[in-house]
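Structure data (compact mmCIF, C-alpha atoms) from final_16.txt:
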```
# COMPACT_ATOMS: atom_id res chain seq x y z
CA MET O 1 4.93 -84.19 119.28
CA THR O 2 7.77 -83.81 121.77
CA ASP O 3 9.24 -80.31 122.22
CA TYR O 4 12.75 -80.00 120.73
CA PRO O 5 15.35 -77.21 121.01
CA ASP O 6 15.09 -76.32 117.30
CA GLY O 7 11.45 -77.30 117.03
CA VAL O 8 12.23 -80.52 115.12
CA PRO O 9 13.52 -83.97 116.04
CA ALA O 10 16.89 -85.20 114.77
CA VAL O 11 15.12 -88.04 112.94
CA SER O 12 11.43 -88.28 112.13
CA LEU O 13 9.91 -91.33 110.43
CA HIS O 14 6.18 -91.61 109.81
CA GLY O 15 4.51 -94.54 108.07
CA LEU O 16 7.83 -95.64 106.58
CA SER O 17 7.47 -98.83 104.54
CA TYR O 18 9.86 -100.50 102.14
CA HIS O 19 9.50 -103.53 99.85
CA PHE O 20 12.02 -105.64 97.98
CA ASN O 21 9.79 -107.19 95.34
CA GLU O 22 7.30 -109.26 97.36
CA HIS O 23 9.24 -108.99 100.62
CA GLN O 24 8.24 -106.20 103.00
CA ALA O 25 11.44 -105.18 104.81
CA VAL O 26 9.92 -102.30 106.81
CA ALA O 27 6.24 -101.95 107.68
CA ASP O 28 4.56 -98.67 108.67
CA LEU O 29 7.40 -97.45 110.90
CA ASP O 30 6.79 -94.41 113.13
CA LEU O 31 9.85 -93.22 115.05
CA GLU O 32 11.42 -90.03 116.37
CA VAL O 33 15.01 -89.59 117.58
CA ARG O 34 15.74 -86.68 119.90
CA PRO O 35 18.61 -84.28 119.24
CA GLY O 36 21.73 -85.21 121.22
CA GLU O 37 20.68 -88.73 122.23
CA VAL O 38 22.17 -92.12 121.43
CA PHE O 39 19.33 -94.14 119.95
CA GLY O 40 19.71 -97.84 119.23
CA LEU O 41 17.77 -99.99 116.76
CA LEU O 42 17.85 -103.61 117.87
CA GLY O 43 16.70 -106.77 116.19
CA PRO O 44 17.89 -109.90 114.38
CA ASN O 45 19.00 -110.07 110.74
CA GLY O 46 16.03 -109.24 108.56
CA ALA O 47 14.33 -107.07 111.18
CA GLY O 48 14.49 -104.02 108.89
CA LYS O 49 17.18 -102.06 110.72
CA THR O 50 19.64 -101.63 107.85
CA THR O 51 16.89 -100.90 105.32
CA THR O 52 15.61 -98.15 107.60
CA ILE O 53 19.12 -96.71 107.90
CA ARG O 54 19.67 -96.80 104.14
CA VAL O 55 16.44 -94.94 103.46
CA LEU O 56 17.32 -92.37 106.09
CA THR O 57 20.79 -91.82 104.62
CA THR O 58 19.31 -91.54 101.07
CA LEU O 59 21.05 -94.73 99.88
CA LEU O 60 17.63 -96.24 99.16
CA PRO O 61 14.73 -94.25 97.69
CA LEU O 62 11.80 -93.43 99.93
CA GLN O 63 8.93 -95.66 98.76
CA GLU O 64 6.14 -95.02 101.27
CA GLY O 65 5.73 -92.70 104.21
CA ALA O 66 7.85 -89.75 105.30
CA ALA O 67 11.43 -89.43 106.58
CA ARG O 68 13.17 -86.27 107.77
CA VAL O 69 16.56 -85.42 109.26
CA PHE O 70 16.50 -82.22 111.32
CA GLY O 71 13.43 -81.22 109.35
CA PHE O 72 14.85 -81.94 105.88
CA ASP O 73 12.84 -84.32 103.71
CA VAL O 74 15.00 -87.24 102.51
CA ARG O 75 13.03 -87.39 99.24
CA ARG O 76 13.21 -83.72 98.27
CA ARG O 77 16.35 -82.52 100.05
CA LYS O 78 18.82 -85.36 99.58
CA MET O 79 21.95 -83.18 99.47
CA ALA O 80 20.91 -81.19 102.53
CA VAL O 81 20.36 -84.45 104.43
CA ARG O 82 23.71 -85.87 103.34
CA ARG O 83 25.52 -82.77 104.60
CA LEU O 84 24.06 -83.38 108.07
CA ILE O 85 24.98 -87.06 108.30
CA GLY O 86 28.12 -89.07 108.99
CA TYR O 87 27.65 -92.73 108.14
CA VAL O 88 29.61 -95.87 109.05
CA PRO O 89 28.09 -98.86 107.19
CA GLN O 90 28.40 -102.54 108.07
CA GLN O 91 30.64 -103.12 105.06
CA LEU O 92 34.17 -101.78 105.30
CA SER O 93 34.59 -98.33 103.77
CA ALA O 94 38.34 -97.88 104.38
CA ASP O 95 40.82 -98.63 101.57
CA ALA O 96 43.61 -100.94 102.77
CA ALA O 97 45.98 -99.61 100.07
CA LEU O 98 45.83 -96.05 101.48
CA THR O 99 47.20 -94.66 104.71
CA GLY O 100 44.83 -93.61 107.45
CA ARG O 101 45.39 -89.96 106.57
CA GLU O 102 44.79 -90.60 102.87
CA ASN O 103 41.54 -92.40 103.63
CA VAL O 104 40.20 -89.49 105.65
CA MET O 105 41.47 -86.95 103.09
CA LEU O 106 39.58 -88.84 100.38
CA PHE O 107 36.36 -88.43 102.35
CA ALA O 108 37.13 -84.74 102.87
CA ARG O 109 37.21 -84.36 99.09
CA LEU O 110 34.06 -86.43 98.63
CA PHE O 111 32.23 -84.21 101.13
CA ASP O 112 33.59 -81.12 99.37
CA VAL O 113 35.36 -79.76 102.45
CA PRO O 114 36.99 -76.46 101.32
CA ARG O 115 40.61 -76.97 100.28
CA LYS O 116 42.02 -74.65 102.97
CA GLU O 117 40.12 -76.52 105.69
CA ARG O 118 40.86 -80.08 104.60
CA ARG O 119 44.18 -80.71 106.32
CA PRO O 120 43.20 -79.24 109.72
CA GLN O 121 39.86 -81.09 109.66
CA VAL O 122 41.56 -84.35 108.68
CA ASP O 123 44.08 -83.90 111.50
CA GLU O 124 41.26 -83.12 113.92
CA ALA O 125 39.24 -86.21 112.96
CA LEU O 126 42.29 -88.46 113.30
CA GLU O 127 43.15 -86.96 116.69
CA ILE O 128 39.61 -87.39 117.99
CA MET O 129 39.75 -91.08 117.09
CA GLY O 130 43.21 -91.55 118.60
CA LEU O 131 44.89 -92.28 115.27
CA THR O 132 47.41 -89.43 114.97
CA GLN O 133 50.47 -91.62 115.51
CA ALA O 134 49.22 -94.25 113.04
CA ALA O 135 47.94 -91.77 110.47
CA ASP O 136 50.71 -92.35 107.93
CA ARG O 137 50.64 -96.15 108.11
CA LEU O 138 48.73 -98.17 105.54
CA ALA O 139 45.24 -99.08 106.73
CA ALA O 140 46.14 -102.67 105.86
CA THR O 141 48.37 -102.69 108.97
CA TYR O 142 45.59 -101.54 111.31
CA SER O 143 43.87 -103.75 113.84
CA GLY O 144 40.11 -104.27 113.62
CA GLY O 145 39.41 -101.67 116.28
CA MET O 146 41.68 -99.14 114.56
CA ILE O 147 39.89 -99.70 111.25
CA ARG O 148 36.53 -98.95 112.86
CA ARG O 149 37.99 -95.80 114.45
CA LEU O 150 39.37 -94.82 111.04
CA GLU O 151 35.90 -95.22 109.55
CA LEU O 152 34.53 -93.04 112.33
CA ALA O 153 37.14 -90.41 111.45
CA GLN O 154 35.98 -90.59 107.83
CA ALA O 155 32.37 -90.13 108.93
CA LEU O 156 33.26 -87.11 111.07
CA ILE O 157 35.10 -85.17 108.37
CA ASN O 158 32.04 -83.05 107.50
CA ARG O 159 31.30 -82.44 111.21
CA PRO O 160 27.84 -84.04 111.01
CA ARG O 161 24.95 -83.35 113.35
CA LEU O 162 23.79 -86.98 113.06
CA LEU O 163 26.21 -89.92 113.23
CA VAL O 164 24.69 -93.13 111.84
CA LEU O 165 26.43 -96.38 112.81
CA ASP O 166 25.29 -99.67 111.28
CA GLU O 167 26.71 -102.51 113.40
CA PRO O 168 29.87 -100.50 114.23
CA THR O 169 31.50 -103.17 116.42
CA ILE O 170 30.69 -106.30 114.44
CA GLY O 171 33.63 -108.71 114.46
CA LEU O 172 35.56 -106.83 117.14
CA ASP O 173 36.87 -108.28 120.39
CA PRO O 174 35.44 -106.89 123.66
CA ILE O 175 38.37 -104.52 124.25
CA ALA O 176 38.15 -103.03 120.75
CA ARG O 177 34.37 -102.73 121.07
CA GLY O 178 34.80 -100.82 124.30
CA THR O 179 37.35 -98.46 122.75
CA VAL O 180 35.10 -97.64 119.81
CA TRP O 181 32.21 -96.84 122.14
CA GLU O 182 34.43 -94.71 124.38
CA ARG O 183 35.33 -92.56 121.39
CA VAL O 184 31.69 -92.27 120.30
CA GLU O 185 30.58 -91.26 123.80
CA GLU O 186 33.38 -88.69 124.14
CA LEU O 187 32.39 -87.22 120.79
CA ARG O 188 28.73 -87.04 121.70
CA ALA O 189 29.56 -85.39 125.04
CA ASP O 190 31.86 -82.82 123.42
CA THR O 191 29.70 -81.86 120.43
CA GLY O 192 26.11 -82.72 121.31
CA MET O 193 25.96 -84.89 118.20
CA THR O 194 23.01 -87.25 117.80
CA VAL O 195 23.94 -90.92 117.33
CA LEU O 196 21.71 -93.52 115.67
CA VAL O 197 23.12 -97.03 115.91
CA THR O 198 21.99 -100.50 114.87
CA THR O 199 23.41 -103.42 116.81
CA HIS O 200 22.91 -107.09 117.57
CA TYR O 201 24.69 -106.66 120.89
CA MET O 202 22.06 -105.99 123.52
CA ASP O 203 24.68 -105.44 126.22
CA GLU O 204 26.03 -102.51 124.16
CA ALA O 205 22.57 -101.06 123.72
CA ASP O 206 21.87 -101.44 127.43
CA GLN O 207 25.01 -99.56 128.42
CA MET O 208 25.35 -96.95 125.67
CA CYS O 209 21.87 -96.02 124.41
CA ASP O 210 19.59 -93.42 125.97
CA ARG O 211 16.64 -95.08 124.24
CA ILE O 212 16.15 -98.09 122.02
CA GLY O 213 13.67 -99.31 119.46
CA LEU O 214 13.09 -103.06 119.13
CA MET O 215 12.36 -104.19 115.56
CA HIS O 216 11.15 -107.59 114.43
CA LEU O 217 9.99 -108.67 110.98
CA GLY O 218 9.99 -105.08 109.73
CA ARG O 219 7.88 -103.66 112.55
CA LEU O 220 8.72 -101.58 115.58
CA ARG O 221 7.65 -103.54 118.65
CA ALA O 222 8.70 -101.28 121.52
CA VAL O 223 10.47 -97.96 122.18
CA GLY O 224 11.90 -96.58 125.40
CA ALA O 225 14.84 -96.25 127.75
CA PRO O 226 16.47 -99.62 128.44
CA GLU O 227 15.77 -99.35 132.16
CA ASP O 228 12.11 -98.55 131.59
CA LEU O 229 11.60 -101.43 129.17
CA LYS O 230 13.28 -103.88 131.54
CA ALA O 231 11.40 -102.57 134.58
CA ALA O 232 8.10 -103.12 132.82
CA LEU O 233 8.84 -106.86 132.79
CA GLY O 234 9.84 -107.05 136.42
CA PRO O 235 13.01 -107.44 138.52
CA GLY O 236 15.99 -109.07 136.84
CA ALA O 237 14.70 -108.71 133.28
CA SER O 238 17.26 -108.21 130.50
CA LEU O 239 16.92 -106.55 127.11
CA GLU O 240 16.86 -110.01 125.56
CA ASP O 241 13.88 -110.77 127.79
CA VAL O 242 12.24 -107.55 126.61
CA PHE O 243 12.81 -108.45 122.98
CA ARG O 244 11.41 -111.94 123.41
CA HIS O 245 8.41 -110.52 125.21
CA HIS O 246 7.54 -108.14 122.38
CA ALA O 247 8.43 -110.51 119.54
CA GLY O 248 6.65 -113.48 121.10
CA ASP O 249 7.60 -116.96 119.91
CA THR O 250 7.62 -116.00 116.24
CA PHE O 251 11.38 -115.67 115.85
CA GLU O 252 12.47 -116.35 112.30
CA GLU O 253 15.95 -116.37 110.88
CA GLY O 254 16.19 -113.11 108.99
CA GLY O 255 18.41 -112.00 106.13
CA GLY O 256 19.61 -113.98 103.16
CA PHE O 257 22.79 -115.34 101.63
CA ARG O 258 24.12 -111.88 100.80
CA ASP O 259 23.54 -110.66 104.36
CA VAL O 260 25.41 -113.61 105.85
CA ARG O 261 28.24 -113.33 103.33
CA SER O 262 28.65 -109.61 103.94
CA THR O 263 28.62 -110.01 107.72
CA ARG O 264 31.18 -112.80 107.62
CA ARG O 265 33.47 -110.89 105.28
CA THR O 266 33.39 -107.86 107.52
CA ALA O 267 34.05 -109.93 110.64
CA ARG O 268 37.00 -111.71 108.99
CA ARG O 269 38.61 -108.45 107.85
CA LEU O 270 38.23 -106.87 111.27
CA GLY O 271 39.36 -109.97 113.14
```
Give the structure from this file in C-alpha cells form.
Amino acid sequence: MTDYPDGVPAVSLHGLSYHFNEHQAVADLDLEVRPGEVFGLLGPNGAGKTTTIRVLTTLLPLQEGAARVFGFDVRRRKMAVRRLIGYVPQQLSADAALTGRENVMLFARLFDVPRKERRPQVDEALEIMGLTQAADRLAATYSGGMIRRLELAQALINRPRLLVLDEPTIGLDPIARGTVWERVEELRADTGMTVLVTTHYMDEADQMCDRIGLMHLGRLRAVGAPEDLKAALGPGASLEDVFRHHAGDTFEEGGGFRDVRSTRRTARRLG
C-alpha cells in the first residue's frame, strides 16, 4: 500500500461490487484515492461511477467488498463518514424558493453545525464561492453556474476533508464550467481537501485531475495520471483515445430511462 501522511488513504475501495437485481453496476472494484488529490472517475452512463459514489457516501448500502473514507468503514461508521464528506449530486439540491443564504443555512442545520458557528460558517462558504453579493436573492434568480457554486457552498458547510462531486458541471456553458473548477481548485489549494469527481467531460479531467480512473461496464479499466495514460499510447493520444483503448470496441449505451430523464432535467434547470 502507498504511504500516506496519516497512514490511510482518503478513499479505499477493495472488491467493491453492487447489483441492482440481475444487473451488476459495479464489479470487484479496487481503488485508492490519495489525500489532497483531485481524482476523477470517467466513463459513459452505466459505467458504475454514480453507484460507486453513492456507496461511498453511504446513500447506498455496501453489498460486497470494503469501502473506507480516511480509515472509517462506510458500513459500520456511517455517521463518522458523513461528517468527513461534502457531496454535490447530479440532481439539484438547492431549493429555488429559498435565498442562497437560506439554502446554505439549511445545510448547516442538517449537518448540526453548532448554533453559534452557523452564521460565520455560512458567510464563509458563500464568500469562498463568490456568492456574498447574491446571498439574499432567491436561488430561482441564479444562473446555472451560480446554482452549482451555491451547491458547493452547501457541501462545504461542515468543512469536509473529502469533497465528492458527481457531474458538477453538467448542463453548464464553458465559462460557467471554468468558474466552478476555478473555485474547486482554489479551495483544494487553500485547505488541502481531497476531491473525488465523476465527469463525462474528458477535457475537464485532463486539465483538473491529478489522477483518473476509467470505468466501463462496472469495471475499472485503467488508473493513472492523465499524462502517463496518454503517453503510454504514444504521441498525440487523448484521454478519449485512452478510454477507447481500454474499453475496446464493446461500447454500449449505459443507463436507463431514469438516468436520461434526470440528466436532462438537471441540464434544463441549469441552462
(request) Name all residues at most 10 Å from Leu60 in chain O (count all atoms listed in the file; drop same-chain ones fewer than 5 positions away) and give them as a ChimeraX atom specification. (result) /O:18,51-55,74-75
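Between CA of Leu110 in chain O and CA of Val197 in chain O lies a distance of 23.0 Å.
Going from CA of Arg137 in chain O over to CA of Tyr87 in chain O, you cover 23.2 Å.
Of the residues under consideration (O:Arg219, O:Arg76, O:His246, O:Arg68), O:Arg219 shows the shortest atom-to-atom contact distance to Ala25 in chain O when counting all atoms listed in the file.
Minimum distance to Glu151 in chain O across O:Glu185, O:Asp28, O:Asp173, O:Asp95 (counting only C-alpha atoms) occurs at O:Asp95.
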(message) One number please: CA of His200 in chain O to CA of Gly43 in chain O, in Å, one decimal.
(response) 6.4 Å
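The closest residue to Val195 in chain O, picked from O:Pro44, O:Pro168, O:Pro120, O:Gly71 and counting only C-alpha atoms, is O:Pro168.
The nearest approach to Ala80 in chain O among the residues O:Lys116, O:Arg161, O:Lys49, O:Arg221, with all atoms listed in the file taken into account, belongs to O:Arg161.
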(request) Find the residue from O:Gly218, O:Gly100, O:Gly40, O:Gly15 that sits nearest to Met202 in chain O; use all atoms listed in the file when measuring. (result) O:Gly40
(request) May I ask which of the residues O:Gln91, O:Thr99, O:Gln24, O:Ser17 is the closest one to Ala140 in chain O, counting all atoms listed in the file? (result) O:Thr99
(request) Find the residues near Gln121 in chain O: any atom within 9 Å, counting only C-alpha atoms, skip ones fewer than 3 places away on the same chain, and give them as a ChimeraX atom specification. (result) /O:105,108,113,117-118,124-126,157-159
Keeping only C-alpha atoms, take the residues you just selected and write them out as a PDB file, keeping the file's coordinate frame.
```
ATOM      1  CA  MET O 105      41.470 -86.950 103.090  1.00  0.00           C
ATOM      2  CA  ALA O 108      37.130 -84.740 102.870  1.00  0.00           C
ATOM      3  CA  VAL O 113      35.360 -79.760 102.450  1.00  0.00           C
ATOM      4  CA  GLU O 117      40.120 -76.520 105.690  1.00  0.00           C
ATOM      5  CA  ARG O 118      40.860 -80.080 104.600  1.00  0.00           C
ATOM      6  CA  GLU O 124      41.260 -83.120 113.920  1.00  0.00           C
ATOM      7  CA  ALA O 125      39.240 -86.210 112.960  1.00  0.00           C
ATOM      8  CA  LEU O 126      42.290 -88.460 113.300  1.00  0.00           C
ATOM      9  CA  ILE O 157      35.100 -85.170 108.370  1.00  0.00           C
ATOM     10  CA  ASN O 158      32.040 -83.050 107.500  1.00  0.00           C
ATOM     11  CA  ARG O 159      31.300 -82.440 111.210  1.00  0.00           C
TER      12      ARG O 159
END
```
(request) Name the residues within 10 Å of (8.7, -100.4, 117.8), counting only C-alpha atoms in the file's coordinates, and put them as a list in words. (result) Leu29, Asp30, Leu31, Leu41, Leu42, Ile212, Gly213, Leu214, Met215, His216, Gly218, Arg219, Leu220, Arg221, Ala222, Val223, Gly224 and His246 of chain O
For the residues selected in the previous step, produce a file with C-alpha atoms as a PDB file, in the frame of the given file.
```pdb
ATOM      1  CA  LEU O  29       7.400 -97.450 110.900  1.00  0.00           C
ATOM      2  CA  ASP O  30       6.790 -94.410 113.130  1.00  0.00           C
ATOM      3  CA  LEU O  31       9.850 -93.220 115.050  1.00  0.00           C
ATOM      4  CA  LEU O  41      17.770 -99.990 116.760  1.00  0.00           C
ATOM      5  CA  LEU O  42      17.850-103.610 117.870  1.00  0.00           C
ATOM      6  CA  ILE O 212      16.150 -98.090 122.020  1.00  0.00           C
ATOM      7  CA  GLY O 213      13.670 -99.310 119.460  1.00  0.00           C
ATOM      8  CA  LEU O 214      13.090-103.060 119.130  1.00  0.00           C
ATOM      9  CA  MET O 215      12.360-104.190 115.560  1.00  0.00           C
ATOM     10  CA  HIS O 216      11.150-107.590 114.430  1.00  0.00           C
ATOM     11  CA  GLY O 218       9.990-105.080 109.730  1.00  0.00           C
ATOM     12  CA  ARG O 219       7.880-103.660 112.550  1.00  0.00           C
ATOM     13  CA  LEU O 220       8.720-101.580 115.580  1.00  0.00           C
ATOM     14  CA  ARG O 221       7.650-103.540 118.650  1.00  0.00           C
ATOM     15  CA  ALA O 222       8.700-101.280 121.520  1.00  0.00           C
ATOM     16  CA  VAL O 223      10.470 -97.960 122.180  1.00  0.00           C
ATOM     17  CA  GLY O 224      11.900 -96.580 125.400  1.00  0.00           C
ATOM     18  CA  HIS O 246       7.540-108.140 122.380  1.00  0.00           C
TER      19      HIS O 246
END
```
(message) Which polymer residues, whether protein, DNA or RNA, lie within 8 Å of the coordinate (5.4, -92.6, 101.5) when you count only C-alpha atoms? List them as a ChimeraX atom specification, using the chain letters and numbers from the file.
(response) /O:15-17,62-66
